[in-house]
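Below: upload_2.cif (mmCIF, C-alpha atoms)
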```cif
data_work
#
loop_
_atom_site.label_atom_id
_atom_site.label_comp_id
_atom_site.auth_asym_id
_atom_site.auth_seq_id
_atom_site.Cartn_x
_atom_site.Cartn_y
_atom_site.Cartn_z
CA MET A 1 -17.71 -72.99 -13.30
CA THR A 2 -19.89 -71.32 -10.67
CA GLY A 3 -18.40 -72.89 -7.53
CA GLU A 4 -21.06 -72.62 -4.85
CA HIS A 5 -22.97 -69.79 -6.50
CA ARG A 6 -26.29 -70.74 -8.05
CA PRO A 7 -27.36 -68.32 -10.81
CA ARG A 8 -30.36 -66.28 -9.67
CA LYS A 9 -33.20 -65.76 -12.13
CA ARG A 10 -34.40 -62.61 -10.36
CA PHE A 11 -31.12 -60.93 -11.24
CA GLY A 12 -31.15 -62.29 -14.79
CA GLN A 13 -27.84 -64.08 -14.22
CA ASN A 14 -26.37 -65.83 -17.25
CA PHE A 15 -22.61 -65.97 -16.77
CA LEU A 16 -20.43 -65.57 -19.84
CA ARG A 17 -17.91 -68.38 -20.08
CA ASP A 18 -16.75 -68.39 -23.72
CA SER A 19 -13.22 -66.99 -23.88
CA SER A 20 -13.50 -66.26 -27.61
CA VAL A 21 -16.48 -63.96 -26.97
CA ILE A 22 -14.55 -62.26 -24.17
CA ASP A 23 -11.69 -61.73 -26.63
CA ARG A 24 -14.07 -59.99 -29.07
CA ILE A 25 -15.45 -57.78 -26.29
CA LEU A 26 -11.95 -56.75 -25.23
CA GLU A 27 -10.94 -56.05 -28.81
CA ALA A 28 -13.96 -53.76 -29.24
CA ALA A 29 -13.23 -52.04 -25.90
CA ASP A 30 -9.72 -51.11 -27.12
CA LEU A 31 -8.24 -50.80 -23.63
CA ASN A 32 -4.86 -49.45 -22.53
CA PRO A 33 -3.20 -48.78 -19.15
CA GLN A 34 -4.77 -45.30 -19.02
CA THR A 35 -8.35 -46.57 -19.56
CA ARG A 36 -10.85 -46.46 -16.74
CA VAL A 37 -13.50 -49.15 -17.10
CA LEU A 38 -16.93 -49.54 -15.59
CA GLU A 39 -18.39 -53.05 -15.70
CA ILE A 40 -22.05 -53.52 -14.83
CA GLY A 41 -22.96 -56.99 -13.58
CA PRO A 42 -19.49 -58.61 -13.39
CA GLY A 43 -20.96 -61.85 -12.05
CA LEU A 44 -18.24 -64.40 -11.39
CA GLY A 45 -15.57 -62.09 -12.78
CA ALA A 46 -14.45 -63.95 -15.93
CA LEU A 47 -14.47 -60.70 -17.90
CA THR A 48 -13.38 -58.62 -14.89
CA ASP A 49 -10.07 -60.46 -14.58
CA ARG A 50 -9.27 -59.82 -18.24
CA LEU A 51 -10.24 -56.15 -17.90
CA LEU A 52 -7.82 -55.80 -14.99
CA ASP A 53 -5.05 -57.21 -17.16
CA LEU A 54 -5.52 -54.48 -19.76
CA ALA A 55 -7.03 -51.37 -18.16
CA GLY A 56 -5.64 -48.92 -15.66
CA ARG A 57 -8.60 -49.14 -13.29
CA VAL A 58 -11.79 -51.19 -13.21
CA GLU A 59 -14.93 -50.22 -11.29
CA VAL A 60 -17.82 -52.66 -11.08
CA MET A 61 -21.47 -52.42 -10.09
CA GLU A 62 -22.95 -55.63 -8.70
CA VAL A 63 -26.35 -56.09 -7.05
CA ASP A 64 -25.87 -59.68 -5.80
CA ARG A 65 -24.33 -59.57 -2.31
CA ASP A 66 -22.84 -63.06 -2.63
CA LEU A 67 -21.05 -62.05 -5.83
CA VAL A 68 -19.90 -58.80 -4.23
CA ALA A 69 -18.26 -60.89 -1.50
CA ARG A 70 -16.52 -63.05 -4.11
CA LEU A 71 -15.25 -59.96 -5.91
CA ARG A 72 -13.90 -58.53 -2.67
CA GLU A 73 -11.89 -61.69 -2.12
CA ARG A 74 -9.81 -60.68 -5.14
CA ALA A 75 -8.48 -57.68 -3.18
CA HIS A 76 -7.06 -56.25 -6.39
CA PRO A 77 -5.55 -52.76 -5.93
CA ARG A 78 -7.05 -51.49 -9.23
CA LEU A 79 -10.53 -52.92 -8.67
CA GLU A 80 -13.24 -50.80 -7.03
CA ILE A 81 -16.56 -52.40 -6.17
CA HIS A 82 -19.85 -50.50 -6.01
CA ALA A 83 -22.39 -52.77 -4.34
CA GLY A 84 -25.98 -52.15 -5.36
CA ASP A 85 -28.44 -51.90 -8.21
CA ALA A 86 -26.98 -50.06 -11.21
CA LEU A 87 -30.42 -48.54 -11.79
CA GLN A 88 -30.34 -46.96 -8.33
CA LEU A 89 -26.68 -46.23 -7.58
CA PRO A 90 -25.60 -42.55 -7.83
CA TRP A 91 -23.44 -42.69 -10.95
CA GLU A 92 -22.44 -39.02 -10.79
CA GLN A 93 -21.01 -39.47 -7.29
CA LEU A 94 -19.36 -42.86 -7.80
CA LEU A 95 -17.81 -42.39 -11.25
CA SER A 96 -15.51 -39.55 -10.33
CA ALA A 97 -12.87 -39.78 -13.05
CA PRO A 98 -14.52 -39.84 -16.51
CA PRO A 99 -14.38 -40.67 -19.30
CA TYR A 100 -14.98 -44.38 -18.77
CA THR A 101 -15.30 -47.31 -21.12
CA LEU A 102 -18.46 -49.15 -20.07
CA VAL A 103 -18.47 -52.92 -20.55
CA ALA A 104 -21.44 -55.03 -19.58
CA ASN A 105 -23.23 -58.31 -20.15
CA LEU A 106 -26.61 -56.73 -19.40
CA PRO A 107 -29.41 -58.76 -17.82
CA TYR A 108 -32.17 -58.95 -20.42
CA ASN A 109 -34.84 -57.67 -18.05
CA ILE A 110 -33.15 -54.31 -17.40
CA SER A 111 -31.17 -53.65 -20.58
CA SER A 112 -33.48 -50.92 -21.91
CA GLN A 113 -33.61 -49.21 -18.51
CA ILE A 114 -29.81 -49.26 -18.32
CA LEU A 115 -29.62 -47.69 -21.78
CA PHE A 116 -31.83 -44.80 -20.69
CA ARG A 117 -29.59 -44.39 -17.62
CA ILE A 118 -26.53 -44.32 -19.89
CA LEU A 119 -28.16 -41.67 -22.08
CA ASP A 120 -28.79 -39.57 -18.97
CA HIS A 121 -25.10 -39.88 -18.00
CA ARG A 122 -23.53 -40.06 -21.45
CA HIS A 123 -20.88 -37.45 -20.56
CA LEU A 124 -19.28 -40.08 -18.32
CA PHE A 125 -18.48 -42.45 -21.22
CA ALA A 126 -16.25 -42.44 -24.27
CA ARG A 127 -17.12 -45.97 -25.40
CA LEU A 128 -19.62 -48.69 -24.57
CA VAL A 129 -19.37 -52.41 -25.30
CA LEU A 130 -22.65 -54.01 -24.31
CA MET A 131 -24.24 -57.44 -24.58
CA PHE A 132 -27.96 -57.56 -25.31
CA GLN A 133 -30.63 -60.06 -26.21
CA LYS A 134 -30.35 -60.21 -30.00
CA GLU A 135 -33.84 -58.78 -30.47
CA VAL A 136 -32.90 -55.66 -28.47
CA GLY A 137 -29.66 -55.30 -30.41
CA GLU A 138 -31.62 -55.40 -33.66
CA ARG A 139 -33.81 -52.57 -32.39
CA LEU A 140 -30.78 -50.44 -31.64
CA CYS A 141 -29.47 -50.87 -35.17
CA ALA A 142 -32.87 -50.64 -36.90
CA VAL A 143 -33.66 -48.14 -39.64
CA PRO A 144 -36.92 -46.22 -40.23
CA GLY A 145 -39.77 -48.17 -41.77
CA THR A 146 -38.87 -51.51 -40.15
CA SER A 147 -40.78 -53.30 -37.41
CA ALA A 148 -37.74 -53.24 -35.08
CA TYR A 149 -37.42 -49.45 -35.28
CA GLY A 150 -38.41 -47.79 -32.01
CA ILE A 151 -37.55 -45.28 -29.31
CA LEU A 152 -33.99 -46.45 -28.68
CA SER A 153 -33.37 -46.72 -32.44
CA VAL A 154 -33.77 -42.92 -32.45
CA LEU A 155 -32.33 -41.85 -29.10
CA CYS A 156 -29.06 -43.83 -29.05
CA PRO A 157 -27.75 -42.83 -32.51
CA LEU A 158 -28.24 -39.19 -31.52
CA TRP A 159 -25.17 -39.52 -29.31
CA PHE A 160 -23.33 -42.69 -30.46
CA ASP A 161 -22.09 -44.52 -33.52
CA ILE A 162 -23.26 -48.12 -33.07
CA ARG A 163 -21.87 -51.26 -34.68
CA ARG A 164 -22.37 -54.97 -34.21
CA VAL A 165 -19.37 -56.84 -32.81
CA VAL A 166 -20.49 -60.47 -32.60
CA VAL A 167 -23.61 -62.63 -32.27
CA VAL A 168 -23.38 -64.89 -29.21
CA ARG A 169 -25.07 -68.29 -29.02
CA PRO A 170 -26.73 -69.56 -25.83
CA GLY A 171 -23.96 -72.09 -25.18
CA ALA A 172 -21.53 -69.25 -24.41
CA PHE A 173 -23.30 -68.75 -21.06
CA TYR A 174 -24.03 -70.65 -17.88
CA PRO A 175 -26.90 -71.25 -17.62
CA PRO A 176 -27.63 -70.89 -21.35
CA PRO A 177 -30.44 -68.41 -22.13
CA LYS A 178 -33.20 -69.40 -24.52
CA VAL A 179 -32.26 -66.82 -27.16
CA ASP A 180 -29.21 -65.54 -29.01
CA SER A 181 -27.37 -62.46 -27.78
CA VAL A 182 -25.35 -59.79 -29.54
CA VAL A 183 -22.47 -57.53 -28.54
CA LEU A 184 -22.67 -53.94 -29.76
CA ALA A 185 -19.98 -51.25 -29.61
CA PHE A 186 -20.98 -47.60 -29.09
CA GLU A 187 -18.55 -44.78 -29.87
CA ALA A 188 -19.49 -41.46 -28.31
CA LEU A 189 -19.93 -38.59 -30.75
CA PRO A 190 -18.45 -35.16 -29.92
CA GLY A 191 -21.97 -33.71 -29.99
CA PRO A 192 -25.48 -34.67 -31.07
CA ARG A 193 -25.71 -36.11 -34.58
CA VAL A 194 -28.41 -33.57 -35.41
CA PRO A 195 -29.23 -30.29 -33.63
CA VAL A 196 -31.46 -30.79 -30.58
CA ALA A 197 -32.14 -27.65 -28.55
CA ASP A 198 -34.06 -29.35 -25.73
CA GLU A 199 -33.24 -33.02 -25.26
CA ALA A 200 -35.97 -33.66 -22.69
CA PHE A 201 -38.58 -32.27 -25.06
CA PHE A 202 -37.10 -34.25 -27.96
CA ARG A 203 -37.40 -37.46 -25.93
CA ARG A 204 -40.99 -36.61 -25.06
CA VAL A 205 -41.86 -36.29 -28.75
CA VAL A 206 -40.08 -39.54 -29.70
CA LYS A 207 -41.66 -41.53 -26.88
CA ALA A 208 -45.10 -40.16 -27.73
CA ALA A 209 -44.69 -41.06 -31.40
CA PHE A 210 -44.04 -44.71 -30.52
CA ALA A 211 -46.52 -44.98 -27.64
CA GLN A 212 -49.21 -46.46 -29.89
CA ARG A 213 -47.42 -47.84 -32.92
CA ARG A 214 -50.57 -48.58 -34.91
CA LYS A 215 -51.80 -45.01 -34.68
CA THR A 216 -50.84 -42.01 -36.76
CA LEU A 217 -48.55 -39.23 -35.58
CA ARG A 218 -51.56 -36.92 -35.45
CA ASN A 219 -53.30 -39.20 -32.98
CA THR A 220 -50.34 -40.32 -30.87
CA LEU A 221 -48.97 -36.81 -30.37
CA LYS A 222 -52.44 -35.41 -29.69
CA ALA A 223 -52.89 -38.13 -27.04
CA ALA A 224 -49.59 -37.00 -25.49
CA GLY A 225 -51.01 -33.55 -24.87
CA PHE A 226 -50.01 -31.54 -27.91
CA ALA A 227 -52.71 -29.15 -29.12
CA GLU A 228 -54.04 -30.37 -32.46
CA ALA A 229 -53.74 -27.02 -34.22
CA ASP A 230 -50.12 -26.56 -33.11
CA LEU A 231 -49.37 -30.16 -34.00
CA LEU A 232 -50.79 -29.94 -37.50
CA ALA A 233 -48.94 -26.66 -38.11
CA ALA A 234 -45.64 -28.20 -36.95
CA LEU A 235 -46.11 -31.28 -39.11
CA ALA A 236 -46.88 -29.08 -42.11
CA ARG A 237 -43.74 -26.97 -41.56
CA CYS A 238 -41.67 -30.15 -41.48
CA GLY A 239 -43.34 -31.65 -44.55
CA ILE A 240 -44.54 -34.67 -42.55
CA ASP A 241 -47.87 -36.33 -43.34
CA PRO A 242 -50.10 -36.29 -40.21
CA GLN A 243 -51.24 -39.79 -41.19
CA ALA A 244 -47.68 -41.14 -41.05
CA ARG A 245 -46.60 -43.35 -38.17
CA GLY A 246 -43.68 -42.72 -35.87
CA GLU A 247 -41.74 -45.71 -37.17
CA THR A 248 -41.37 -44.01 -40.56
CA LEU A 249 -39.54 -40.90 -39.30
CA SER A 250 -35.76 -40.58 -39.36
CA LEU A 251 -33.69 -39.09 -36.54
CA GLU A 252 -33.41 -35.87 -38.54
CA GLN A 253 -37.18 -35.67 -39.03
CA PHE A 254 -37.81 -36.23 -35.33
CA ALA A 255 -35.35 -33.45 -34.48
CA ARG A 256 -37.06 -31.02 -36.89
CA LEU A 257 -40.51 -31.97 -35.59
CA ALA A 258 -39.48 -31.50 -31.96
CA GLN A 259 -38.05 -28.09 -32.78
CA ALA A 260 -41.20 -27.07 -34.69
CA LEU A 261 -43.43 -28.17 -31.80
CA ARG A 262 -41.22 -26.30 -29.32
CA ASP A 263 -41.10 -23.02 -31.24
#
```
Take the structure in the file and give it back as structure tokens.
Amino acid sequence: MTGEHRPRKRFGQNFLRDSSVIDRILEAADLNPQTRVLEIGPGLGALTDRLLDLAGRVEVMEVDRDLVARLRERAHPRLEIHAGDALQLPWEQLLSAPPYTLVANLPYNISSQILFRILDHRHLFARLVLMFQKEVGERLCAVPGTSAYGILSVLCPLWFDIRRVVVVRPGAFYPPPKVDSVVLAFEALPGPRVPVADEAFFRRVVKAAFAQRRKTLRNTLKAAGFAEADLLAALARCGIDPQARGETLSLEQFARLAQALRD
């Protein structure tokens, strides 16, 4: 399967080898000859080859220099290779012809960081089909009042519709990970799901609310630097109990609270 390449733990390499899972990913990606695809972490290229069969152009980001060399051996006219760390590469400069469909089997250790990067560059993407550790996928689909509900449960649905595509067992990979994975499909919305006047400020409020999950909104937001009097007034205007915890607030409530704190 891997030829002479030994999977590297430091890059979180678990190579997808189950063709039925690849079929489900491609179905969710809904590709055509006009689609431009970005694949992060193509690895040995099992999914890359199928993407090239269906899409008009495929660009890949790969950090492992040995795998970059293997990809270059393909010399495919519709394949463009960006060598480097997807967390560091200049997406705005490299991805010059949006919108893209982003497809990725994300390394577990950087999946949340990649999601924040995607949110920062969301205008580049029309659709995402991403593989996560199942626990992370559950967080992305979580609803208020559940233990899985967190920062990304709020931030991602602001800009995307999210649905589960398929749960993937460890045996679908080489080497097999110790946990199940899940593929999620993200469809970009034409605008934010709820009005957000200042996204950076909105994110600050959401992150602060979840910074200390056991503490109340009054305490977590005060610790984040919000003046207590202003905070209590904003909570009152929104009809939110200061003793509530961040995990109980809906996306709409977070948006109203951020606006009240900003006004």
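If you look at atom CA of A:Glu199 and atom CA of A:Gln212, they are 21.4 Å away from each other.
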(message) What does the structure give for the distance between atom CA of A:Ala255 and atom CA of A:Leu184, in Å to one decimal?
(response) 24.6 Å
(request) For A:Glu80, work out the shell of residues within 9 Å, counting all atoms listed in the file and skipping chain neighbours fewer than 2 positions away, then give it as an MDAnalysis selection string. (result) chainID A and resid 57:61 72 76:78 82
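For the residues A:Arg70, A:Arg139, A:Arg237, A:Arg203, ranking by smallest atom-to-atom distance to A:Ala260 using only C-alpha atoms places A:Arg237 first.
Residues with any atom within 10 Å of A:Arg262, counting only C-alpha atoms and excluding same-chain neighbours fewer than 6 positions away, are Ala197, Asp198, Phe201, Phe202, Asp230, Ala234 and Arg256 of chain A.
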Selected residues written out, C-alpha atoms, as a short mmCIF file (atom, residue, chain, number, x, y, z; two decimals), in the coordinates of the input:
```cif
data_model
loop_
_atom_site.label_atom_id
_atom_site.label_comp_id
_atom_site.auth_asym_id
_atom_site.auth_seq_id
_atom_site.Cartn_x
_atom_site.Cartn_y
_atom_site.Cartn_z
CA ALA A 197 -32.14 -27.65 -28.55
CA ASP A 198 -34.06 -29.35 -25.73
CA PHE A 201 -38.58 -32.27 -25.06
CA PHE A 202 -37.10 -34.25 -27.96
CA ASP A 230 -50.12 -26.56 -33.11
CA ALA A 234 -45.64 -28.20 -36.95
CA ARG A 256 -37.06 -31.02 -36.89
#
```
Kindly list the centre and edge lengths in Å, rounded to one decimal, for the axis-aligned box that covers all listed atoms of stretch 36-41 of chain A plus 3 Å on each of its six sides, as lines of an AutoDock Vina configuration file.
```
center_x = -16.9
center_y = -51.7
center_z = -15.3
size_x = 18.1
size_y = 16.5
size_z = 9.5
```
Per residue of stretch 101-169 of chain A within 12 Å of stretch 22-40 of chain A, which atom pair is closest and at what distance in Å (one decimal), using only C-alpha atoms, listed by chain and increasing number, as a Markdown table?
```
| residue | atom | partner | partner_atom | distance |
| --- | --- | --- | --- | --- |
| A:Thr101 | CA | A:Val37 | CA | 4.8 |
| A:Leu102 | CA | A:Leu38 | CA | 4.8 |
| A:Val103 | CA | A:Glu39 | CA | 4.9 |
| A:Ala104 | CA | A:Ile40 | CA | 5.0 |
| A:Asn105 | CA | A:Ile40 | CA | 7.3 |
| A:Leu106 | CA | A:Ile40 | CA | 7.2 |
| A:Pro107 | CA | A:Ile40 | CA | 9.5 |
| A:Ile110 | CA | A:Ile40 | CA | 11.4 |
| A:Ser111 | CA | A:Ile40 | CA | 10.8 |
| A:Ile114 | CA | A:Ile40 | CA | 9.5 |
| A:Leu115 | CA | A:Ile40 | CA | 11.8 |
| A:Ile118 | CA | A:Ile40 | CA | 11.4 |
| A:Leu124 | CA | A:Leu38 | CA | 10.1 |
| A:Phe125 | CA | A:Leu38 | CA | 9.2 |
| A:Ala126 | CA | A:Thr35 | CA | 10.1 |
| A:Arg127 | CA | A:Ala29 | CA | 7.2 |
| A:Leu128 | CA | A:Ala29 | CA | 7.3 |
| A:Val129 | CA | A:Ala29 | CA | 6.2 |
| A:Leu130 | CA | A:Ile25 | CA | 8.4 |
| A:Met131 | CA | A:Ile25 | CA | 9.0 |
| A:Ile162 | CA | A:Ala28 | CA | 11.5 |
| A:Arg163 | CA | A:Ala28 | CA | 9.9 |
| A:Arg164 | CA | A:Ala28 | CA | 9.8 |
| A:Val165 | CA | A:Ala28 | CA | 7.2 |
| A:Val166 | CA | A:Arg24 | CA | 7.3 |
| A:Val167 | CA | A:Arg24 | CA | 10.4 |
| A:Val168 | CA | A:Ile22 | CA | 10.5 |
```
(message) My list of candidates is A:Leu94, A:Ala172, A:Ala229, A:Ala188. Which is closest to A:Phe160 when distances are computed with all atoms listed in the file?
(response) A:Ala188
(message) I'd like the contact shell of A:Gly239 - 12 Å cut-off, all atoms listed in the file, skipping same-chain residues fewer than 2 positions apart - returned as JSON, numbers by chain.
(response) {"A": [232, 233, 234, 235, 236, 237, 241, 242, 243, 244, 249, 253, 254, 256, 257, 260]}
(message) Show me the residues around (-24.5, -52.8, -7.4) - criterion: an atom at most 6 Å away, only C-alpha atoms counted - as a list in words.
(response) Met61, Glu62, Val63, His82, Ala83, Gly84, Asp85 and Ala86 of chain A
Using the selection just defined, write its residues with C-alpha atoms as a JSON list (two decimals), in the coordinates of the input.
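Output contents, as saved in part-v5.json:
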```json
[["chain", "number", "residue", "atom", "x", "y", "z"],
["A", 61, "MET", "CA", -21.47, -52.42, -10.09],
["A", 62, "GLU", "CA", -22.95, -55.63, -8.70],
["A", 63, "VAL", "CA", -26.35, -56.09, -7.05],
["A", 82, "HIS", "CA", -19.85, -50.50, -6.01],
["A", 83, "ALA", "CA", -22.39, -52.77, -4.34],
["A", 84, "GLY", "CA", -25.98, -52.15, -5.36],
["A", 85, "ASP", "CA", -28.44, -51.90, -8.21],
["A", 86, "ALA", "CA", -26.98, -50.06, -11.21]]
```
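Of the residues under consideration (A:Lys222, A:Lys134, A:Arg117, A:Arg65), A:Lys222 shows the shortest atom-to-atom contact distance to A:Ala208 when counting only C-alpha atoms.
Across the model, the gap from atom CA of A:Asp263 to atom CA of A:Ala224 is 17.3 Å.
Counting only C-alpha atoms, A:Tyr174 has the following residues at most 7 Å away, ignoring those fewer than 5 positions along the same chain: Asn14, Phe15, Leu16 and Arg17 of chain A.
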Output C-alpha atoms for every residue in the selection just made, as a compact mmCIF listing (two decimals), in the coordinates of the input.
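Output saved as again_7.txt:
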```txt
# COMPACT_ATOMS: atom_id res chain seq x y z
CA ASN A 14 -26.37 -65.83 -17.25
CA PHE A 15 -22.61 -65.97 -16.77
CA LEU A 16 -20.43 -65.57 -19.84
CA ARG A 17 -17.91 -68.38 -20.08
```
(request) Check what the PyMOL selection byres ((chain A and resi 180) around 12) selects in the file above and give those residues as a PyMOL selection string. (result) chain A and resi 108+131-138+166-173+176-179+181-183
(request) Excluding A:Pro144 and residues on its chain fewer than 6 positions from it, collect all residues at most 8 Å away from it, counting all atoms listed in the file, and give them as a PyMOL selection string. (result) chain A and resi 247-250
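Comparing the minimum interatomic distances between A:Leu155 and each of A:Arg122, A:Leu251, A:Ala142, A:Gly246, counting all atoms listed in the file, we find that A:Leu251 sits nearest.
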